[in-house]
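Undergrad: data37.cif (mmCIF, N, CA and C atoms) pasted underneath:
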```
data_query
#
loop_
_atom_site.label_atom_id
_atom_site.label_comp_id
_atom_site.auth_asym_id
_atom_site.auth_seq_id
_atom_site.Cartn_x
_atom_site.Cartn_y
_atom_site.Cartn_z
N MET A 1 34.95 -8.52 46.31
CA MET A 1 33.81 -7.76 45.82
C MET A 1 32.64 -7.98 46.76
N LEU A 2 32.09 -6.89 47.20
CA LEU A 2 30.91 -6.93 48.05
C LEU A 2 29.91 -5.93 47.48
N VAL A 3 28.74 -6.42 47.10
CA VAL A 3 27.71 -5.53 46.59
C VAL A 3 26.94 -4.98 47.79
N SER A 4 26.87 -3.67 47.88
CA SER A 4 26.22 -3.02 49.01
C SER A 4 24.71 -3.16 48.94
N THR A 5 24.05 -2.76 50.02
CA THR A 5 22.58 -2.77 50.00
C THR A 5 22.07 -1.83 48.91
N LYS A 6 22.79 -0.76 48.66
CA LYS A 6 22.36 0.18 47.62
C LYS A 6 22.30 -0.53 46.26
N GLY A 7 23.30 -1.33 45.95
CA GLY A 7 23.31 -2.07 44.69
C GLY A 7 22.24 -3.14 44.63
N ARG A 8 22.10 -3.88 45.72
CA ARG A 8 21.08 -4.94 45.77
C ARG A 8 19.68 -4.36 45.70
N TYR A 9 19.45 -3.28 46.42
CA TYR A 9 18.13 -2.65 46.40
C TYR A 9 17.83 -2.04 45.03
N ALA A 10 18.83 -1.48 44.38
CA ALA A 10 18.61 -0.90 43.04
C ALA A 10 18.10 -1.97 42.08
N ILE A 11 18.65 -3.15 42.15
CA ILE A 11 18.19 -4.25 41.30
C ILE A 11 16.74 -4.61 41.65
N ARG A 12 16.46 -4.75 42.93
CA ARG A 12 15.09 -5.07 43.36
C ARG A 12 14.10 -4.00 42.93
N ILE A 13 14.49 -2.74 43.05
CA ILE A 13 13.61 -1.64 42.67
C ILE A 13 13.29 -1.68 41.19
N LEU A 14 14.30 -1.90 40.36
CA LEU A 14 14.06 -1.94 38.91
C LEU A 14 13.20 -3.14 38.53
N ILE A 15 13.40 -4.26 39.19
CA ILE A 15 12.53 -5.43 38.95
C ILE A 15 11.10 -5.08 39.34
N ASP A 16 10.93 -4.45 40.49
CA ASP A 16 9.61 -4.08 40.96
C ASP A 16 8.91 -3.15 39.97
N ILE A 17 9.62 -2.15 39.51
CA ILE A 17 9.02 -1.23 38.53
C ILE A 17 8.64 -1.98 37.26
N ALA A 18 9.52 -2.86 36.79
CA ALA A 18 9.23 -3.63 35.58
C ALA A 18 8.00 -4.51 35.75
N GLU A 19 7.85 -5.10 36.91
CA GLU A 19 6.72 -6.01 37.15
C GLU A 19 5.41 -5.28 37.42
N ASN A 20 5.47 -4.02 37.83
CA ASN A 20 4.26 -3.34 38.28
C ASN A 20 3.88 -2.08 37.52
N SER A 21 4.62 -1.71 36.51
CA SER A 21 4.35 -0.41 35.88
C SER A 21 3.34 -0.45 34.73
N ASN A 22 3.37 -1.48 33.91
CA ASN A 22 2.53 -1.53 32.70
C ASN A 22 2.67 -0.24 31.88
N GLY A 23 3.88 0.32 31.87
CA GLY A 23 4.13 1.54 31.10
C GLY A 23 3.82 2.83 31.82
N SER A 24 3.13 2.73 32.97
CA SER A 24 2.81 3.94 33.73
C SER A 24 3.83 4.13 34.85
N TYR A 25 3.72 5.23 35.53
CA TYR A 25 4.64 5.53 36.63
C TYR A 25 4.24 4.76 37.89
N VAL A 26 5.24 4.34 38.64
CA VAL A 26 5.02 3.63 39.89
C VAL A 26 5.54 4.55 41.00
N THR A 27 4.74 4.73 42.04
CA THR A 27 5.15 5.65 43.10
C THR A 27 6.20 5.02 44.01
N LEU A 28 6.98 5.90 44.58
CA LEU A 28 8.00 5.49 45.53
C LEU A 28 7.38 4.76 46.72
N GLN A 29 6.25 5.26 47.15
CA GLN A 29 5.54 4.67 48.28
C GLN A 29 5.16 3.22 47.99
N GLU A 30 4.65 2.95 46.79
CA GLU A 30 4.25 1.58 46.43
C GLU A 30 5.45 0.65 46.41
N ILE A 31 6.53 1.11 45.80
CA ILE A 31 7.74 0.29 45.71
C ILE A 31 8.28 0.01 47.11
N ALA A 32 8.37 1.08 47.92
CA ALA A 32 8.91 0.94 49.29
C ALA A 32 8.10 -0.07 50.09
N LYS A 33 6.80 -0.04 49.95
CA LYS A 33 5.95 -0.96 50.69
C LYS A 33 6.18 -2.41 50.25
N ARG A 34 6.18 -2.63 48.94
CA ARG A 34 6.37 -4.00 48.43
C ARG A 34 7.77 -4.54 48.74
N GLN A 35 8.77 -3.69 48.65
CA GLN A 35 10.15 -4.12 48.83
C GLN A 35 10.64 -4.03 50.27
N GLU A 36 9.83 -3.43 51.12
CA GLU A 36 10.19 -3.26 52.52
C GLU A 36 11.53 -2.54 52.68
N ILE A 37 11.64 -1.43 51.95
CA ILE A 37 12.81 -0.56 51.99
C ILE A 37 12.31 0.81 52.44
N SER A 38 13.07 1.46 53.30
CA SER A 38 12.62 2.77 53.77
C SER A 38 12.55 3.76 52.60
N LYS A 39 11.53 4.56 52.64
CA LYS A 39 11.30 5.55 51.57
C LYS A 39 12.49 6.51 51.47
N LYS A 40 13.04 6.89 52.60
CA LYS A 40 14.17 7.82 52.63
C LYS A 40 15.39 7.21 51.92
N TYR A 41 15.68 5.95 52.21
CA TYR A 41 16.83 5.29 51.58
C TYR A 41 16.57 5.11 50.09
N MET A 42 15.32 4.79 49.74
CA MET A 42 14.98 4.63 48.33
C MET A 42 15.16 5.93 47.56
N GLU A 43 14.89 7.06 48.18
CA GLU A 43 15.06 8.34 47.50
C GLU A 43 16.50 8.54 47.04
N SER A 44 17.45 8.14 47.89
CA SER A 44 18.86 8.28 47.50
C SER A 44 19.22 7.33 46.36
N ILE A 45 18.65 6.13 46.38
CA ILE A 45 18.89 5.17 45.31
C ILE A 45 18.25 5.65 44.01
N MET A 46 17.03 6.17 44.11
CA MET A 46 16.33 6.64 42.90
C MET A 46 17.06 7.80 42.25
N SER A 47 17.67 8.67 43.05
CA SER A 47 18.41 9.79 42.45
C SER A 47 19.60 9.27 41.65
N ILE A 48 20.22 8.20 42.11
CA ILE A 48 21.33 7.58 41.37
C ILE A 48 20.81 6.97 40.07
N LEU A 49 19.68 6.26 40.16
CA LEU A 49 19.12 5.61 38.97
C LEU A 49 18.66 6.64 37.93
N VAL A 50 18.13 7.76 38.39
CA VAL A 50 17.73 8.84 37.47
C VAL A 50 18.98 9.45 36.84
N LYS A 51 19.98 9.71 37.66
CA LYS A 51 21.23 10.32 37.18
C LYS A 51 21.89 9.46 36.10
N HIS A 52 21.82 8.14 36.26
CA HIS A 52 22.41 7.22 35.28
C HIS A 52 21.44 6.85 34.17
N ASN A 53 20.32 7.56 34.11
CA ASN A 53 19.33 7.39 33.05
C ASN A 53 18.75 5.98 32.99
N LEU A 54 18.63 5.34 34.14
CA LEU A 54 18.04 4.01 34.20
C LEU A 54 16.53 4.08 34.41
N VAL A 55 16.08 5.16 35.04
CA VAL A 55 14.65 5.38 35.22
C VAL A 55 14.33 6.83 34.90
N GLU A 56 13.06 7.05 34.65
CA GLU A 56 12.53 8.39 34.40
C GLU A 56 11.62 8.72 35.56
N SER A 57 11.67 9.98 36.01
CA SER A 57 10.79 10.37 37.10
C SER A 57 9.81 11.43 36.63
N SER A 58 8.67 11.45 37.30
CA SER A 58 7.65 12.46 37.03
C SER A 58 7.07 12.89 38.37
N HIS A 59 6.94 14.18 38.54
CA HIS A 59 6.42 14.72 39.80
C HIS A 59 4.94 15.05 39.66
N GLY A 60 4.27 15.15 40.79
CA GLY A 60 2.87 15.53 40.79
C GLY A 60 1.94 14.34 40.73
N LYS A 61 0.66 14.64 40.57
CA LYS A 61 -0.37 13.59 40.52
C LYS A 61 -0.09 12.65 39.36
N GLY A 62 -0.11 11.36 39.64
CA GLY A 62 0.17 10.35 38.62
C GLY A 62 1.65 10.16 38.37
N GLY A 63 2.46 10.82 39.17
CA GLY A 63 3.91 10.73 39.00
C GLY A 63 4.51 9.53 39.69
N GLY A 64 5.79 9.41 39.55
CA GLY A 64 6.53 8.30 40.13
C GLY A 64 7.72 8.00 39.25
N TYR A 65 8.00 6.70 39.08
CA TYR A 65 9.15 6.28 38.31
C TYR A 65 8.74 5.20 37.32
N ARG A 66 9.43 5.21 36.18
CA ARG A 66 9.24 4.13 35.21
C ARG A 66 10.57 3.89 34.51
N LEU A 67 10.67 2.71 33.92
CA LEU A 67 11.89 2.33 33.22
C LEU A 67 12.05 3.15 31.95
N ASN A 68 13.29 3.39 31.56
CA ASN A 68 13.58 4.10 30.31
C ASN A 68 13.68 3.17 29.11
N LYS A 69 13.77 1.88 29.38
CA LYS A 69 13.87 0.90 28.29
C LYS A 69 13.26 -0.42 28.76
N ALA A 70 13.20 -1.36 27.88
CA ALA A 70 12.59 -2.65 28.20
C ALA A 70 13.44 -3.42 29.22
N PRO A 71 12.81 -4.23 30.07
CA PRO A 71 13.56 -4.97 31.10
C PRO A 71 14.71 -5.81 30.55
N GLU A 72 14.55 -6.36 29.36
CA GLU A 72 15.62 -7.19 28.80
C GLU A 72 16.83 -6.36 28.34
N GLN A 73 16.70 -5.06 28.35
CA GLN A 73 17.82 -4.20 27.96
C GLN A 73 18.63 -3.70 29.15
N TYR A 74 18.20 -4.00 30.35
CA TYR A 74 18.93 -3.62 31.56
C TYR A 74 19.79 -4.79 32.02
N THR A 75 21.10 -4.62 32.01
CA THR A 75 21.94 -5.68 32.57
C THR A 75 22.18 -5.41 34.05
N VAL A 76 22.35 -6.47 34.79
CA VAL A 76 22.66 -6.34 36.20
C VAL A 76 23.99 -5.58 36.36
N LEU A 77 24.91 -5.80 35.42
CA LEU A 77 26.19 -5.11 35.48
C LEU A 77 26.02 -3.60 35.46
N GLU A 78 25.22 -3.08 34.54
CA GLU A 78 25.06 -1.62 34.47
C GLU A 78 24.40 -1.06 35.72
N ILE A 79 23.51 -1.83 36.32
CA ILE A 79 22.85 -1.36 37.54
C ILE A 79 23.85 -1.32 38.70
N ILE A 80 24.58 -2.40 38.86
CA ILE A 80 25.56 -2.45 39.94
C ILE A 80 26.64 -1.40 39.74
N GLU A 81 27.09 -1.23 38.51
CA GLU A 81 28.13 -0.22 38.25
C GLU A 81 27.64 1.19 38.54
N SER A 82 26.34 1.42 38.46
CA SER A 82 25.82 2.75 38.75
C SER A 82 25.79 3.03 40.25
N THR A 83 25.76 1.98 41.07
CA THR A 83 25.64 2.17 42.51
C THR A 83 26.90 1.84 43.30
N GLU A 84 27.78 1.08 42.72
CA GLU A 84 28.98 0.63 43.44
C GLU A 84 30.23 1.37 42.95
N GLU A 85 31.17 1.53 43.84
CA GLU A 85 32.44 2.13 43.46
C GLU A 85 33.17 1.24 42.45
N SER A 86 33.16 -0.07 42.71
CA SER A 86 33.89 -0.99 41.85
C SER A 86 33.44 -2.42 42.11
N LEU A 87 33.55 -3.24 41.09
CA LEU A 87 33.32 -4.68 41.24
C LEU A 87 34.64 -5.43 41.34
N ALA A 88 35.73 -4.71 41.27
CA ALA A 88 37.05 -5.35 41.30
C ALA A 88 37.28 -6.07 42.62
N PRO A 89 37.81 -7.30 42.56
CA PRO A 89 38.07 -8.04 43.78
C PRO A 89 39.30 -7.53 44.55
N VAL A 90 40.18 -6.81 43.86
CA VAL A 90 41.36 -6.21 44.49
C VAL A 90 41.53 -4.79 43.96
N SER A 91 42.13 -3.94 44.75
CA SER A 91 42.22 -2.52 44.39
C SER A 91 43.01 -2.25 43.12
N CYS A 92 43.98 -3.08 42.80
CA CYS A 92 44.79 -2.82 41.61
C CYS A 92 44.00 -3.03 40.31
N LEU A 93 42.81 -3.63 40.39
CA LEU A 93 41.99 -3.84 39.19
C LEU A 93 40.86 -2.83 39.06
N LYS A 94 40.76 -1.90 40.01
CA LYS A 94 39.73 -0.87 39.91
C LYS A 94 40.02 0.02 38.70
N LYS A 95 38.97 0.60 38.14
CA LYS A 95 39.14 1.54 37.03
C LYS A 95 40.01 2.69 37.50
N ASN A 96 40.91 3.10 36.63
CA ASN A 96 41.82 4.22 36.89
C ASN A 96 42.75 4.01 38.08
N ALA A 97 42.97 2.76 38.46
CA ALA A 97 43.90 2.47 39.55
C ALA A 97 45.33 2.71 39.08
N GLU A 98 46.15 3.15 40.00
CA GLU A 98 47.56 3.31 39.68
C GLU A 98 48.15 1.92 39.43
N ILE A 99 49.08 1.87 38.51
CA ILE A 99 49.72 0.59 38.21
C ILE A 99 50.57 0.18 39.40
N CYS A 100 50.32 -1.02 39.86
CA CYS A 100 51.04 -1.54 41.02
C CYS A 100 52.47 -1.90 40.60
N PRO A 101 53.45 -1.43 41.33
CA PRO A 101 54.83 -1.76 40.97
C PRO A 101 55.13 -3.26 41.08
N ARG A 102 54.29 -3.97 41.81
CA ARG A 102 54.50 -5.42 41.96
C ARG A 102 53.84 -6.23 40.85
N SER A 103 53.00 -5.61 40.03
CA SER A 103 52.23 -6.38 39.06
C SER A 103 53.07 -7.24 38.11
N PRO A 104 54.25 -6.81 37.65
CA PRO A 104 55.01 -7.71 36.77
C PRO A 104 55.43 -9.01 37.45
N ASN A 105 55.54 -8.99 38.77
CA ASN A 105 55.99 -10.18 39.51
C ASN A 105 54.92 -10.76 40.42
N CYS A 106 53.68 -10.29 40.28
CA CYS A 106 52.61 -10.73 41.17
C CYS A 106 52.10 -12.11 40.74
N SER A 107 52.25 -13.06 41.61
CA SER A 107 51.83 -14.43 41.28
C SER A 107 50.32 -14.63 41.38
N THR A 108 49.60 -13.66 41.96
CA THR A 108 48.15 -13.82 42.11
C THR A 108 47.34 -12.94 41.16
N LEU A 109 47.98 -12.02 40.48
CA LEU A 109 47.25 -11.07 39.64
C LEU A 109 46.39 -11.75 38.58
N SER A 110 46.90 -12.77 37.94
CA SER A 110 46.11 -13.45 36.90
C SER A 110 44.85 -14.08 37.48
N MET A 111 44.95 -14.59 38.70
CA MET A 111 43.77 -15.17 39.36
C MET A 111 42.72 -14.08 39.60
N TRP A 112 43.15 -12.93 40.13
CA TRP A 112 42.23 -11.84 40.40
C TRP A 112 41.60 -11.31 39.12
N LYS A 113 42.39 -11.23 38.05
CA LYS A 113 41.84 -10.77 36.76
C LYS A 113 40.80 -11.76 36.25
N GLU A 114 41.08 -13.04 36.39
CA GLU A 114 40.16 -14.07 35.92
C GLU A 114 38.83 -14.02 36.66
N ILE A 115 38.88 -13.90 37.99
CA ILE A 115 37.62 -13.86 38.75
C ILE A 115 36.86 -12.58 38.43
N HIS A 116 37.57 -11.49 38.22
CA HIS A 116 36.93 -10.23 37.85
C HIS A 116 36.21 -10.36 36.49
N GLU A 117 36.85 -11.00 35.54
CA GLU A 117 36.24 -11.22 34.22
C GLU A 117 35.01 -12.13 34.33
N ILE A 118 35.09 -13.16 35.15
CA ILE A 118 33.96 -14.08 35.33
C ILE A 118 32.76 -13.34 35.92
N ILE A 119 33.01 -12.56 36.96
CA ILE A 119 31.94 -11.80 37.60
C ILE A 119 31.33 -10.80 36.63
N THR A 120 32.17 -10.08 35.92
CA THR A 120 31.70 -9.07 34.98
C THR A 120 30.86 -9.71 33.86
N LYS A 121 31.34 -10.79 33.29
CA LYS A 121 30.59 -11.47 32.23
C LYS A 121 29.26 -12.03 32.75
N TYR A 122 29.28 -12.56 33.96
CA TYR A 122 28.05 -13.11 34.53
C TYR A 122 26.99 -12.01 34.68
N PHE A 123 27.36 -10.91 35.31
CA PHE A 123 26.42 -9.80 35.51
C PHE A 123 26.02 -9.14 34.20
N GLN A 124 26.91 -9.14 33.21
CA GLN A 124 26.58 -8.59 31.90
C GLN A 124 25.54 -9.46 31.20
N GLY A 125 25.55 -10.75 31.50
CA GLY A 125 24.62 -11.69 30.87
C GLY A 125 23.27 -11.81 31.55
N LYS A 126 23.10 -11.19 32.70
CA LYS A 126 21.82 -11.23 33.42
C LYS A 126 21.08 -9.91 33.22
N THR A 127 19.79 -10.02 32.94
CA THR A 127 18.97 -8.82 32.75
C THR A 127 17.85 -8.78 33.78
N ILE A 128 17.22 -7.62 33.86
CA ILE A 128 16.05 -7.48 34.73
C ILE A 128 14.98 -8.48 34.30
N ALA A 129 14.80 -8.64 33.00
CA ALA A 129 13.80 -9.60 32.50
C ALA A 129 14.09 -11.02 32.99
N ASP A 130 15.38 -11.39 33.07
CA ASP A 130 15.74 -12.72 33.57
C ASP A 130 15.33 -12.91 35.02
N LEU A 131 15.32 -11.82 35.78
CA LEU A 131 15.07 -11.90 37.22
C LEU A 131 13.61 -11.67 37.61
N MET A 132 12.81 -11.20 36.68
CA MET A 132 11.41 -10.91 36.98
C MET A 132 10.65 -12.18 37.35
N HIS A 133 9.75 -12.05 38.31
CA HIS A 133 8.84 -13.12 38.73
C HIS A 133 9.56 -14.36 39.27
N LYS A 134 10.83 -14.21 39.68
CA LYS A 134 11.55 -15.33 40.25
C LYS A 134 11.79 -15.03 41.72
N SER A 135 11.01 -15.65 42.58
CA SER A 135 11.12 -15.35 44.00
C SER A 135 11.51 -16.54 44.85
N SER A 136 11.47 -17.74 44.30
CA SER A 136 11.79 -18.90 45.14
C SER A 136 13.28 -19.24 45.02
N PHE A 137 13.92 -19.33 46.16
CA PHE A 137 15.34 -19.64 46.21
C PHE A 137 15.58 -20.54 47.40
N ASP A 138 16.23 -21.64 47.18
CA ASP A 138 16.50 -22.57 48.26
C ASP A 138 17.98 -22.51 48.60
N ILE A 139 18.32 -21.92 49.73
CA ILE A 139 19.70 -21.76 50.17
C ILE A 139 20.38 -23.13 50.35
N ASN A 140 19.59 -24.16 50.60
CA ASN A 140 20.15 -25.50 50.81
C ASN A 140 20.63 -26.15 49.52
N LYS A 141 20.32 -25.56 48.38
CA LYS A 141 20.77 -26.13 47.11
C LYS A 141 22.11 -25.58 46.68
N LEU A 142 22.71 -24.74 47.49
CA LEU A 142 24.04 -24.20 47.17
C LEU A 142 25.13 -25.19 47.44
#
```
So that I can check it, write out the structure of this file as structure tokens.
TA:
Amino acid sequence: MLVSTKGRYAIRILIDIAENSNGSYVTLQEIAKRQEISKKYMESIMSILVKHNLVESSHGKGGGYRLNKAPEQYTVLEIIESTEESLAPVSCLKKNAEICPRSPNCSTLSMWKEIHEIITKYFQGKTIADLMHKSSFDINKL
């Protein structure tokens, strides 16, 4: 499983909107500047977020984007699933995948299913509210 920049940026964008909106619309320009993401790339991400009803958009003066629900109601899982093809660690676990003829005898399938369940549960348990205002991370503590 590899989360693309589109998925990672979508999470950052929703956090940014949650932290800076106060119920009003936040412009794409403001988000792009704070997040250091190109406005053009953000437009493609925002269209996905609007399509999946994660944000609401408004055009014209005072327009921009705002969340459709409270930050604690957005799971990281739903955000990533809106931007990524799959979170499955192997192709046979993707949604609507053809049944692998080797699955009855696959000695690794249970391991892949287990890691997939762990990842899914972890992302389901994390919300935008959990991630807000948390910017310090020490890579040396891994």
Undergrad: Could you expand the PyMOL selection byres ((chain A and resi 8-24) around 6) into the explicit residues it covers here, written as a short mmCIF file (atom, residue, chain, number, x, y, z; two decimals) with N, CA and C atoms, in the coordinates of the input?
TA:
```cif
data_model
loop_
_atom_site.label_atom_id
_atom_site.label_comp_id
_atom_site.auth_asym_id
_atom_site.auth_seq_id
_atom_site.Cartn_x
_atom_site.Cartn_y
_atom_site.Cartn_z
N VAL A 3 28.74 -6.42 47.10
CA VAL A 3 27.71 -5.53 46.59
C VAL A 3 26.94 -4.98 47.79
N SER A 4 26.87 -3.67 47.88
CA SER A 4 26.22 -3.02 49.01
C SER A 4 24.71 -3.16 48.94
N THR A 5 24.05 -2.76 50.02
CA THR A 5 22.58 -2.77 50.00
C THR A 5 22.07 -1.83 48.91
N LYS A 6 22.79 -0.76 48.66
CA LYS A 6 22.36 0.18 47.62
C LYS A 6 22.30 -0.53 46.26
N GLY A 7 23.30 -1.33 45.95
CA GLY A 7 23.31 -2.07 44.69
C GLY A 7 22.24 -3.14 44.63
N TYR A 25 3.72 5.23 35.53
CA TYR A 25 4.64 5.53 36.63
C TYR A 25 4.24 4.76 37.89
N VAL A 26 5.24 4.34 38.64
CA VAL A 26 5.02 3.63 39.89
C VAL A 26 5.54 4.55 41.00
N TYR A 65 8.00 6.70 39.08
CA TYR A 65 9.15 6.28 38.31
C TYR A 65 8.74 5.20 37.32
N ARG A 66 9.43 5.21 36.18
CA ARG A 66 9.24 4.13 35.21
C ARG A 66 10.57 3.89 34.51
N ILE A 128 17.22 -7.62 33.86
CA ILE A 128 16.05 -7.48 34.73
C ILE A 128 14.98 -8.48 34.30
N MET A 132 12.81 -11.20 36.68
CA MET A 132 11.41 -10.91 36.98
C MET A 132 10.65 -12.18 37.35
#
```
Undergrad: Please write out, as lines of an AutoDock Vina configuration file, where the centre of an axis-aligned box around all listed atoms of region 8-26 of chain A lies and how long its edges are, in Å to one decimal, after adding 8 Å on each side.
TA:
```
center_x = 12.3
center_y = -0.2
center_z = 38.8
size_x = 35.6
size_y = 27.5
size_z = 31.3
```
Undergrad: Contacts between region 80-86 of chain A and region 10-72 of chain A, please, where a residue of region 10-72 of chain A counts if it comes within 10 Å (with only C-alpha atoms); show its shortest atom pair and distance in Å to one decimal, rows by chain and ascending number, as a Markdown table.
TA:
```
| residue | atom | partner | partner_atom | distance |
| --- | --- | --- | --- | --- |
| A:Ala10 | CA | A:Thr83 | CA | 7.7 |
| A:Ile11 | CA | A:Ile80 | CA | 7.7 |
| A:Ile45 | CA | A:Thr83 | CA | 7.9 |
| A:Ile48 | CA | A:Thr83 | CA | 7.0 |
| A:Leu49 | CA | A:Ser82 | CA | 7.3 |
| A:Lys51 | CA | A:Ser82 | CA | 9.0 |
| A:His52 | CA | A:Ser82 | CA | 6.6 |
| A:Asn53 | CA | A:Ser82 | CA | 9.8 |
| A:Leu54 | CA | A:Ser82 | CA | 9.1 |
```
Undergrad: Might you spell out which residues the PyMOL selection byres (((chain A and resi 30 and name CA) around 10) and name CA) would select in the displayed file, as a list in words?
TA: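 Output from the PyMOL selection byres (((chain A and resi 30 and name CA) around 10) and name CA), applied to this file: Asp16, Ile17, Asn20, Val26, Thr27, Leu28, Gln29, Ile31, Ala32, Lys33, Arg34, Gln35, Glu36, Lys39 and Gly64 of chain A.
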Undergrad: Smallest atom-to-atom distance to Leu93 (chain A): which of A:Lys121, A:Met42, A:Thr127, A:Trp112, using all atoms listed in the file?
TA: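 Closest to Leu93 (chain A) of all the choices is A:Trp112.
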Undergrad: From a DSSP calculation on the backbone, collect every residue of region 1-139 of chain A in strand (DSSP E) and output the set as a count of residues only.
TA: 8
Undergrad: CA of Tyr74 (chain A) and CA of Glu117 (chain A), how far apart in Å?
TA: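 Separation between CA of Glu117 (chain A) and CA of Tyr74 (chain A): 19.1 Å.
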Undergrad: Measuring between only N, CA and C atoms, which one of A:Gln73, A:Ser38, A:Asn96, A:Thr108 shows the shortest distance to Ala129 (chain A)?
TA: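 Distance minimum relative to Ala129 (chain A) lands on A:Gln73.
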Undergrad: Counting only C-alpha atoms, which of A:Pro101, A:Gly125, A:Pro89, A:Gly60 gets nearest to Val76 (chain A)?
TA: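 For Val76 (chain A), the nearest of the given residues is A:Gly125.
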Undergrad: Just the number, please: distance in Å from atom C of Asn105 (chain A) to CA of Cys92 (chain A), one decimal.
TA: 12.9 Å
Undergrad: What is the distance between CA of Ser47 (chain A) and atom N of Glu72 (chain A), in Å to one decimal?
TA: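 Between these atoms lies a distance of 21.1 Å.
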Undergrad: Measuring between only C-alpha atoms, which one of A:Thr120, A:Asn68, A:Ser91, A:Ser44 shows the shortest distance to Ser103 (chain A)?
TA: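 Of A:Thr120, A:Asn68, A:Ser91, A:Ser44, the one nearest Ser103 (chain A) is A:Ser91, counting only C-alpha atoms.
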Undergrad: Could you add the missing atoms to region 110-116 of chain A, up to all heavy atoms, and return them as a PDB file, in the frame of the given file?
TA:
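Result file rebuild_36.pdb:
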```pdb
ATOM      1  N   SER A 110      46.900 -12.770  37.940  1.00  0.00           N
ATOM      2  CA  SER A 110      46.110 -13.450  36.900  1.00  0.00           C
ATOM      3  C   SER A 110      44.850 -14.080  37.480  1.00  0.00           C
ATOM      4  O   SER A 110      43.800 -14.085  36.845  1.00  0.00           O
ATOM      5  CB  SER A 110      46.959 -14.504  36.170  1.00  0.00           C
ATOM      6  OG  SER A 110      47.360 -15.518  37.066  1.00  0.00           O
ATOM      7  N   MET A 111      44.950 -14.590  38.700  1.00  0.00           N
ATOM      8  CA  MET A 111      43.770 -15.170  39.360  1.00  0.00           C
ATOM      9  C   MET A 111      42.720 -14.080  39.600  1.00  0.00           C
ATOM     10  O   MET A 111      41.547 -14.282  39.316  1.00  0.00           O
ATOM     11  CB  MET A 111      44.175 -15.812  40.686  1.00  0.00           C
ATOM     12  CG  MET A 111      42.990 -16.286  41.519  1.00  0.00           C
ATOM     13  SD  MET A 111      43.443 -16.847  43.163  1.00  0.00           S
ATOM     14  CE  MET A 111      44.009 -15.334  43.948  1.00  0.00           C
ATOM     15  N   TRP A 112      43.150 -12.930  40.130  1.00  0.00           N
ATOM     16  CA  TRP A 112      42.230 -11.840  40.400  1.00  0.00           C
ATOM     17  C   TRP A 112      41.600 -11.310  39.120  1.00  0.00           C
ATOM     18  O   TRP A 112      40.417 -11.002  39.084  1.00  0.00           O
ATOM     19  CB  TRP A 112      42.912 -10.705  41.162  1.00  0.00           C
ATOM     20  CG  TRP A 112      43.378 -11.107  42.522  1.00  0.00           C
ATOM     21  CD1 TRP A 112      44.652 -11.039  43.007  1.00  0.00           C
ATOM     22  CD2 TRP A 112      42.591 -11.656  43.575  1.00  0.00           C
ATOM     23  NE1 TRP A 112      44.690 -11.505  44.296  1.00  0.00           N
ATOM     24  CE2 TRP A 112      43.438 -11.893  44.676  1.00  0.00           C
ATOM     25  CE3 TRP A 112      41.251 -11.981  43.712  1.00  0.00           C
ATOM     26  CZ2 TRP A 112      43.002 -12.425  45.880  1.00  0.00           C
ATOM     27  CZ3 TRP A 112      40.806 -12.514  44.911  1.00  0.00           C
ATOM     28  CH2 TRP A 112      41.663 -12.727  45.974  1.00  0.00           C
ATOM     29  N   LYS A 113      42.390 -11.230  38.050  1.00  0.00           N
ATOM     30  CA  LYS A 113      41.840 -10.770  36.760  1.00  0.00           C
ATOM     31  C   LYS A 113      40.800 -11.760  36.250  1.00  0.00           C
ATOM     32  O   LYS A 113      39.751 -11.357  35.752  1.00  0.00           O
ATOM     33  CB  LYS A 113      42.968 -10.636  35.719  1.00  0.00           C
ATOM     34  CG  LYS A 113      43.791  -9.405  35.877  1.00  0.00           C
ATOM     35  CD  LYS A 113      44.831  -9.317  34.773  1.00  0.00           C
ATOM     36  CE  LYS A 113      45.640  -8.044  34.890  1.00  0.00           C
ATOM     37  NZ  LYS A 113      46.668  -7.961  33.828  1.00  0.00           N
ATOM     38  N   GLU A 114      41.080 -13.040  36.390  1.00  0.00           N
ATOM     39  CA  GLU A 114      40.160 -14.070  35.920  1.00  0.00           C
ATOM     40  C   GLU A 114      38.830 -14.020  36.660  1.00  0.00           C
ATOM     41  O   GLU A 114      37.758 -14.055  36.045  1.00  0.00           O
ATOM     42  CB  GLU A 114      40.794 -15.445  36.050  1.00  0.00           C
ATOM     43  CG  GLU A 114      39.948 -16.552  35.462  1.00  0.00           C
ATOM     44  CD  GLU A 114      40.622 -17.915  35.524  1.00  0.00           C
ATOM     45  OE1 GLU A 114      41.788 -18.009  35.944  1.00  0.00           O
ATOM     46  OE2 GLU A 114      39.950 -18.894  35.155  1.00  0.00           O
ATOM     47  N   ILE A 115      38.880 -13.900  37.990  1.00  0.00           N
ATOM     48  CA  ILE A 115      37.620 -13.860  38.750  1.00  0.00           C
ATOM     49  C   ILE A 115      36.860 -12.580  38.430  1.00  0.00           C
ATOM     50  O   ILE A 115      35.626 -12.589  38.330  1.00  0.00           O
ATOM     51  CB  ILE A 115      37.842 -14.036  40.277  1.00  0.00           C
ATOM     52  CG1 ILE A 115      36.503 -14.287  40.999  1.00  0.00           C
ATOM     53  CG2 ILE A 115      38.526 -12.840  40.895  1.00  0.00           C
ATOM     54  CD1 ILE A 115      35.838 -15.574  40.676  1.00  0.00           C
ATOM     55  N   HIS A 116      37.570 -11.490  38.220  1.00  0.00           N
ATOM     56  CA  HIS A 116      36.930 -10.230  37.850  1.00  0.00           C
ATOM     57  C   HIS A 116      36.210 -10.360  36.490  1.00  0.00           C
ATOM     58  O   HIS A 116      35.083  -9.903  36.328  1.00  0.00           O
ATOM     59  CB  HIS A 116      37.959  -9.105  37.818  1.00  0.00           C
ATOM     60  CG  HIS A 116      37.387  -7.750  37.581  1.00  0.00           C
ATOM     61  ND1 HIS A 116      36.347  -7.223  38.321  1.00  0.00           N
ATOM     62  CD2 HIS A 116      37.700  -6.795  36.675  1.00  0.00           C
ATOM     63  CE1 HIS A 116      36.052  -6.015  37.888  1.00  0.00           C
ATOM     64  NE2 HIS A 116      36.859  -5.738  36.880  1.00  0.00           N
TER      65      HIS A 116
END
```
